[in-house]
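A short write-up of the structure that comes next.
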Amino acid sequence: MTFAPSPIPSRTQFVLEAIKHDILTGGLRPGQALVETELAARFGVSKTPVREALKTLAGSGLVVMSQYKGATVRLVDADMARAVYDVRLLLEPEAVRRTVATGAPLDAAHDALHRAATADDQAERSLANRDFHRALYLPCGNPLLGRMLDEVRDQAALVSTVAWAAVPSWEREAAEHEEILRLARSGDVAGTGSAVHDHIASFVERAFPRSSE
């Protein structure tokens with residue numbers, strides 16, 4: 001007999017999504033303490049949903065739980081960024097190649113690109129960019145591959161948030177997204193995969209350059 005995982009209670013889900021949104025849009029900064037009592041008061045809930053939400057966010061890599069310091073937003077450094085982007089480089093180009101090969105509709109990717117271009121602020125642009133990448137890799141035909149990329153999706157977004165604060169490069173990335181979508185719509189499997197690989201690799205090297213030593 002198999003058992004489905006229990007759904008997250010609605011209050012916990014609400015708190016989880018709110019905290020995640022603040023982390024991924026820069027409202028909560030890397031290293032910032034996440035105090036249960038303060039968050040509970042802010043959201044009008046008891047500490048239990050907050051505690052459960054923080055545990056879930058720790059599992060996704062956005063929050064660090066310490067016996068002595070409590071919960072904090074995960075710090076981003078070059079090693080962390082390269083580890084996350086290394087996983088993306090290994091998996092995402094192949095997933096996108098498979099999506100293009102299947103001829104899957106790309107309307108969701110186009111919509112996300114439009115939302116990013118017309119975003120009023122960096123937060124909305126960041127969220128739209130995440131949706132763009134997911135819309136390209138998720139229809140790859142392999143649900144496990146999609147879930148593996150989803151597991152690093154939040155951490156990749158956190159890296160982007162920190163990188164953009166230091167080096168605003170979204171105009172360049174927007175142009176690269178346009179080219180990726182053009183290649184995907186033309187059915188160029190190899191070209192799209194290469195463009196995705198170069199897009200991911202150039203971003204992390206630009207944001208976290210390796211030492212010349």
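By order in the structure tokens, chains are A, B, ...; within a chain, residues start at 1; ligands start at 1, following the order shown.
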
Wanna dump the segment 138-168 of chain A-segment 68-84 of chain A contacts at 12 Å for me, each residue with its shortest atom pair and the distance in Å to one decimal, counting only C-alpha atoms, ordered by chain and number, as a tab-separated table?
residue	atom	partner	partner_atom	distance
A:Met148	CA	A:Val84	CA	11.6
A:Leu149	CA	A:Val84	CA	10.0
A:Asp150	CA	A:Val84	CA	11.6
A:Glu151	CA	A:Val84	CA	10.0
A:Val152	CA	A:Val84	CA	6.5
A:Arg153	CA	A:Val84	CA	8.8
A:Asp154	CA	A:Val84	CA	9.9
A:Gln155	CA	A:Val84	CA	6.9
A:Ala156	CA	A:Val84	CA	6.3
A:Ala157	CA	A:Val84	CA	10.1
A:Leu158	CA	A:Val76	CA	7.7
A:Val159	CA	A:Ala81	CA	6.0
A:Ser160	CA	A:Ala81	CA	9.0
A:Thr161	CA	A:Val76	CA	9.8
A:Val162	CA	A:Val76	CA	7.3
A:Ala163	CA	A:Val76	CA	9.2

Would you mind exporting N, CA, C and O atoms of the selected residues as a tab-separated table (two decimals), in the first residue's frame?
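Output saved as again.tsv:
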chain	number	residue	atom	x	y	z
A	148	MET	N	13.69	17.51	-10.79
A	148	MET	CA	15.07	17.76	-10.37
A	148	MET	C	15.43	19.22	-10.62
A	148	MET	O	16.09	19.86	-9.78
A	149	LEU	N	15.00	19.77	-11.73
A	149	LEU	CA	15.27	21.18	-12.01
A	149	LEU	C	14.44	22.08	-11.10
A	149	LEU	O	14.91	23.14	-10.67
A	150	ASP	N	13.22	21.66	-10.79
A	150	ASP	CA	12.40	22.43	-9.86
A	150	ASP	C	13.07	22.52	-8.48
A	150	ASP	O	12.92	23.53	-7.77
A	151	GLU	N	13.81	21.48	-8.09
A	151	GLU	CA	14.43	21.46	-6.77
A	151	GLU	C	15.50	22.52	-6.61
A	151	GLU	O	15.78	22.96	-5.49
A	152	VAL	N	16.15	22.92	-7.71
A	152	VAL	CA	17.18	23.96	-7.61
A	152	VAL	C	16.67	25.31	-8.12
A	152	VAL	O	17.39	26.29	-8.11
A	153	ARG	N	15.41	25.34	-8.52
A	153	ARG	CA	14.84	26.55	-9.11
A	153	ARG	C	14.84	27.73	-8.14
A	153	ARG	O	15.23	28.85	-8.49
A	154	ASP	N	14.42	27.50	-6.90
A	154	ASP	CA	14.39	28.57	-5.92
A	154	ASP	C	15.80	29.06	-5.58
A	154	ASP	O	16.03	30.27	-5.43
A	155	GLN	N	16.73	28.13	-5.45
A	155	GLN	CA	18.10	28.53	-5.13
A	155	GLN	C	18.71	29.34	-6.28
A	155	GLN	O	19.44	30.31	-6.06
A	156	ALA	N	18.41	28.94	-7.52
A	156	ALA	CA	18.89	29.69	-8.67
A	156	ALA	C	18.31	31.11	-8.68
A	156	ALA	O	18.99	32.08	-9.00
A	157	ALA	N	17.04	31.23	-8.30
A	157	ALA	CA	16.40	32.54	-8.24
A	157	ALA	C	17.03	33.41	-7.16
A	157	ALA	O	17.19	34.62	-7.33
A	158	LEU	N	17.42	32.79	-6.04
A	158	LEU	CA	18.09	33.53	-4.97
A	158	LEU	C	19.44	34.05	-5.45
A	158	LEU	O	19.82	35.19	-5.19
A	159	VAL	N	20.16	33.21	-6.18
A	159	VAL	CA	21.44	33.64	-6.76
A	159	VAL	C	21.22	34.84	-7.68
A	159	VAL	O	21.97	35.83	-7.63
A	160	SER	N	20.20	34.76	-8.52
A	160	SER	CA	19.91	35.85	-9.45
A	160	SER	C	19.59	37.15	-8.71
A	160	SER	O	20.03	38.23	-9.11
A	161	THR	N	18.79	37.04	-7.64
A	161	THR	CA	18.42	38.22	-6.87
A	161	THR	C	19.66	38.93	-6.32
A	161	THR	O	19.80	40.15	-6.41
A	162	VAL	N	20.58	38.14	-5.76
A	162	VAL	CA	21.81	38.70	-5.21
A	162	VAL	C	22.70	39.27	-6.31
A	162	VAL	O	23.26	40.36	-6.19
A	163	ALA	N	22.80	38.54	-7.42
A	163	ALA	CA	23.66	38.98	-8.53
A	163	ALA	C	23.15	40.27	-9.15
A	163	ALA	O	23.92	41.19	-9.45

Alpha helix (DSSP H) per DSSP on the backbone: members of chain A, as a VMD selection string = chain A and resid 10 to 24 36 to 43 47 to 59 78 to 102 107 to 117 122 to 137 143 to 166 170 to 185 189 to 207

Would you kindly return, as a list of chain:residue names, each protein, DNA or RNA residue with an atom no farther than 10 Å from any atom of Leu106 of chain A, considering only C-alpha atoms and excluding same-chain residues fewer than 2 positions away?
-> A:Thr99, A:Val100, A:Gly103, A:Ala104, A:Ala108, A:Ala109, A:His110, A:Asp111, A:Phe132, A:Ala135, A:Leu136, A:Pro139, A:Leu181, A:Ala184, A:Arg185

Would you mind exporting all heavy atoms of the selected residues as a JSON list (two decimals), in the first residue's frame?
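That gives us part24.json:
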[["chain", "number", "residue", "atom", "x", "y", "z"],
["A", 99, "THR", "N", 12.22, 19.28, -24.91],
["A", 99, "THR", "CA", 10.98, 20.03, -25.10],
["A", 99, "THR", "C", 10.83, 20.46, -26.55],
["A", 99, "THR", "O", 9.75, 20.31, -27.15],
["A", 99, "THR", "CB", 10.96, 21.27, -24.18],
["A", 99, "THR", "OG1", 10.90, 20.85, -22.81],
["A", 99, "THR", "CG2", 9.75, 22.15, -24.47],
["A", 100, "VAL", "N", 11.89, 21.01, -27.11],
["A", 100, "VAL", "CA", 11.84, 21.46, -28.51],
["A", 100, "VAL", "C", 11.61, 20.29, -29.44],
["A", 100, "VAL", "O", 10.84, 20.38, -30.40],
["A", 100, "VAL", "CB", 13.14, 22.21, -28.88],
["A", 100, "VAL", "CG1", 13.13, 22.60, -30.36],
["A", 100, "VAL", "CG2", 13.30, 23.46, -28.01],
["A", 103, "GLY", "N", 8.07, 19.28, -29.89],
["A", 103, "GLY", "CA", 7.17, 20.25, -30.51],
["A", 103, "GLY", "C", 6.12, 20.77, -29.56],
["A", 103, "GLY", "O", 5.03, 21.20, -29.98],
["A", 104, "ALA", "N", 6.41, 20.75, -28.27],
["A", 104, "ALA", "CA", 5.45, 21.21, -27.26],
["A", 104, "ALA", "C", 5.14, 22.70, -27.45],
["A", 104, "ALA", "O", 6.00, 23.48, -27.87],
["A", 104, "ALA", "CB", 6.02, 20.99, -25.86],
["A", 108, "ALA", "N", 3.41, 29.53, -22.90],
["A", 108, "ALA", "CA", 3.71, 29.94, -21.53],
["A", 108, "ALA", "C", 5.05, 30.65, -21.46],
["A", 108, "ALA", "O", 5.21, 31.63, -20.71],
["A", 108, "ALA", "CB", 3.70, 28.73, -20.60],
["A", 109, "ALA", "N", 6.03, 30.18, -22.24],
["A", 109, "ALA", "CA", 7.34, 30.84, -22.27],
["A", 109, "ALA", "C", 7.21, 32.24, -22.87],
["A", 109, "ALA", "O", 7.82, 33.20, -22.38],
["A", 109, "ALA", "CB", 8.32, 30.00, -23.06],
["A", 110, "HIS", "N", 6.43, 32.36, -23.93],
["A", 110, "HIS", "CA", 6.21, 33.67, -24.56],
["A", 110, "HIS", "C", 5.53, 34.63, -23.59],
["A", 110, "HIS", "O", 5.92, 35.80, -23.46],
["A", 110, "HIS", "CB", 5.37, 33.51, -25.82],
["A", 110, "HIS", "CG", 5.04, 34.81, -26.48],
["A", 110, "HIS", "ND1", 3.89, 35.52, -26.18],
["A", 110, "HIS", "CD2", 5.71, 35.55, -27.40],
["A", 110, "HIS", "CE1", 3.86, 36.63, -26.89],
["A", 110, "HIS", "NE2", 4.95, 36.67, -27.64],
["A", 111, "ASP", "N", 4.53, 34.14, -22.87],
["A", 111, "ASP", "CA", 3.81, 34.99, -21.91],
["A", 111, "ASP", "C", 4.75, 35.46, -20.80],
["A", 111, "ASP", "O", 4.69, 36.62, -20.38],
["A", 111, "ASP", "CB", 2.63, 34.23, -21.32],
["A", 111, "ASP", "CG", 1.53, 33.98, -22.34],
["A", 111, "ASP", "OD1", 1.56, 34.62, -23.41],
["A", 111, "ASP", "OD2", 0.66, 33.13, -22.07],
["A", 132, "PHE", "N", 9.76, 31.73, -17.20],
["A", 132, "PHE", "CA", 10.22, 31.52, -18.57],
["A", 132, "PHE", "C", 11.05, 30.23, -18.66],
["A", 132, "PHE", "O", 10.81, 29.38, -19.52],
["A", 132, "PHE", "CB", 11.06, 32.71, -19.04],
["A", 132, "PHE", "CG", 11.73, 32.50, -20.37],
["A", 132, "PHE", "CD1", 11.01, 32.60, -21.55],
["A", 132, "PHE", "CD2", 13.08, 32.18, -20.44],
["A", 132, "PHE", "CE1", 11.63, 32.40, -22.78],
["A", 132, "PHE", "CE2", 13.71, 31.97, -21.66],
["A", 132, "PHE", "CZ", 12.98, 32.08, -22.84],
["A", 135, "ALA", "N", 8.90, 27.12, -18.09],
["A", 135, "ALA", "CA", 8.01, 26.82, -19.21],
["A", 135, "ALA", "C", 8.75, 26.11, -20.34],
["A", 135, "ALA", "O", 8.14, 25.38, -21.13],
["A", 135, "ALA", "CB", 7.39, 28.11, -19.74],
["A", 136, "LEU", "N", 10.06, 26.29, -20.39],
["A", 136, "LEU", "CA", 10.85, 25.63, -21.43],
["A", 136, "LEU", "C", 11.31, 24.23, -21.03],
["A", 136, "LEU", "O", 11.38, 23.34, -21.87],
["A", 136, "LEU", "CB", 12.08, 26.48, -21.79],
["A", 136, "LEU", "CG", 11.81, 27.75, -22.59],
["A", 136, "LEU", "CD1", 13.11, 28.53, -22.77],
["A", 136, "LEU", "CD2", 11.22, 27.42, -23.96],
["A", 139, "PRO", "N", 8.01, 20.80, -20.07],
["A", 139, "PRO", "CA", 7.37, 19.87, -21.01],
["A", 139, "PRO", "C", 8.35, 18.90, -21.68],
["A", 139, "PRO", "O", 8.10, 18.40, -22.78],
["A", 139, "PRO", "CB", 6.76, 20.81, -22.07],
["A", 139, "PRO", "CG", 6.90, 22.20, -21.54],
["A", 139, "PRO", "CD", 8.06, 22.17, -20.62],
["A", 181, "LEU", "N", 14.02, 31.66, -27.21],
["A", 181, "LEU", "CA", 12.65, 31.37, -27.63],
["A", 181, "LEU", "C", 12.54, 31.33, -29.14],
["A", 181, "LEU", "O", 11.82, 30.48, -29.70],
["A", 181, "LEU", "CB", 11.70, 32.43, -27.06],
["A", 181, "LEU", "CG", 10.21, 32.19, -27.33],
["A", 181, "LEU", "CD1", 9.75, 30.84, -26.77],
["A", 181, "LEU", "CD2", 9.36, 33.32, -26.73],
["A", 184, "ALA", "N", 13.87, 28.00, -30.20],
["A", 184, "ALA", "CA", 12.94, 26.93, -29.81],
["A", 184, "ALA", "C", 11.75, 26.89, -30.75],
["A", 184, "ALA", "O", 11.31, 25.81, -31.18],
["A", 184, "ALA", "CB", 12.49, 27.14, -28.36],
["A", 185, "ARG", "N", 11.20, 28.04, -31.09],
["A", 185, "ARG", "CA", 10.05, 28.09, -31.97],
["A", 185, "ARG", "C", 10.38, 27.64, -33.39],
["A", 185, "ARG", "O", 9.51, 27.14, -34.10],
["A", 185, "ARG", "CB", 9.47, 29.50, -31.99],
["A", 185, "ARG", "CG", 8.63, 29.83, -30.76],
["A", 185, "ARG", "CD", 8.05, 31.21, -30.83],
["A", 185, "ARG", "NE", 6.83, 31.33, -30.05],
["A", 185, "ARG", "CZ", 6.18, 32.45, -29.83],
["A", 185, "ARG", "NH1", 6.65, 33.59, -30.33],
["A", 185, "ARG", "NH2", 5.07, 32.45, -29.12]]

Go through A:Thr37, A:Thr118, A:Ser10, A:Asn142 one by one, measure the shortest atom-to-atom distance of each to Ala95 of chain A using only C-alpha atoms, and give the residue with the smallest value.
->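 Residue with the minimum atom-to-atom distance to Ala95 of chain A: A:Asn142.
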
With a distance cut-off of 10 Å and only C-alpha atoms, select the neighbouring residues of Thr56 of chain A, excluding the residue or stretch itself and same-chain residues fewer than 5 positions from it, and output the selection as a PDB file with N, CA, C and O atoms, in the first residue's frame.
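Dumped everything to part-v2.pdb:
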ATOM      1  N   ILE A   8       0.109  20.372   2.591  1.00  0.00           N
ATOM      2  CA  ILE A   8       0.518  21.391   3.541  1.00  0.00           C
ATOM      3  C   ILE A   8      -0.711  22.179   3.966  1.00  0.00           C
ATOM      4  O   ILE A   8      -1.491  22.614   3.118  1.00  0.00           O
ATOM      5  N   THR A  12      -0.024  27.334   6.688  1.00  0.00           N
ATOM      6  CA  THR A  12       1.407  27.115   6.472  1.00  0.00           C
ATOM      7  C   THR A  12       1.780  27.455   5.038  1.00  0.00           C
ATOM      8  O   THR A  12       2.815  28.084   4.785  1.00  0.00           O
ATOM      9  N   GLN A  13       0.949  27.058   4.072  1.00  0.00           N
ATOM     10  CA  GLN A  13       1.215  27.344   2.668  1.00  0.00           C
ATOM     11  C   GLN A  13       1.236  28.847   2.419  1.00  0.00           C
ATOM     12  O   GLN A  13       2.093  29.356   1.690  1.00  0.00           O
ATOM     13  N   LEU A  16       4.418  30.193   3.906  1.00  0.00           N
ATOM     14  CA  LEU A  16       5.547  29.725   3.108  1.00  0.00           C
ATOM     15  C   LEU A  16       5.702  30.557   1.835  1.00  0.00           C
ATOM     16  O   LEU A  16       6.808  31.018   1.506  1.00  0.00           O
ATOM     17  N   VAL A  50       4.381  29.073  10.960  1.00  0.00           N
ATOM     18  CA  VAL A  50       5.657  29.716  10.619  1.00  0.00           C
ATOM     19  C   VAL A  50       6.788  28.712  10.727  1.00  0.00           C
ATOM     20  O   VAL A  50       7.642  28.607   9.838  1.00  0.00           O
ATOM     21  N   ARG A  51       6.800  27.950  11.818  1.00  0.00           N
ATOM     22  CA  ARG A  51       7.858  26.964  12.021  1.00  0.00           C
ATOM     23  C   ARG A  51       7.848  25.918  10.905  1.00  0.00           C
ATOM     24  O   ARG A  51       8.901  25.542  10.368  1.00  0.00           O
ATOM     25  N   GLY A  61      16.353  24.835   0.331  1.00  0.00           N
ATOM     26  CA  GLY A  61      17.637  25.517   0.227  1.00  0.00           C
ATOM     27  C   GLY A  61      17.602  27.019   0.356  1.00  0.00           C
ATOM     28  O   GLY A  61      18.629  27.675   0.183  1.00  0.00           O
ATOM     29  N   LEU A  62      16.449  27.592   0.687  1.00  0.00           N
ATOM     30  CA  LEU A  62      16.360  29.048   0.808  1.00  0.00           C
ATOM     31  C   LEU A  62      16.635  29.535   2.227  1.00  0.00           C
ATOM     32  O   LEU A  62      16.972  30.701   2.427  1.00  0.00           O
ATOM     33  N   VAL A  63      16.467  28.656   3.194  1.00  0.00           N
ATOM     34  CA  VAL A  63      16.613  29.011   4.597  1.00  0.00           C
ATOM     35  C   VAL A  63      17.587  28.043   5.251  1.00  0.00           C
ATOM     36  O   VAL A  63      17.647  26.863   4.889  1.00  0.00           O
TER      37      VAL A  63
END

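Shortest atom-to-atom contact with Arg115 of chain A among A:Ala41, A:Ala195, A:Ala174, A:Val64: A:Ala174, counting only C-alpha atoms.
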
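Between Glu52 of chain A and the candidates A:Asn129, A:Ile19, A:Ala33, A:Gln67, the tightest atom-to-atom separation, counting only C-alpha atoms, involves A:Ile19.
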
Atomic separation - atom CA of Ala207 of chain A relative to atom CA of Arg88 of chain A, Å |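 Separating atom CA of Arg88 of chain A from atom CA of Ala207 of chain A is a distance of 15.6 Å.
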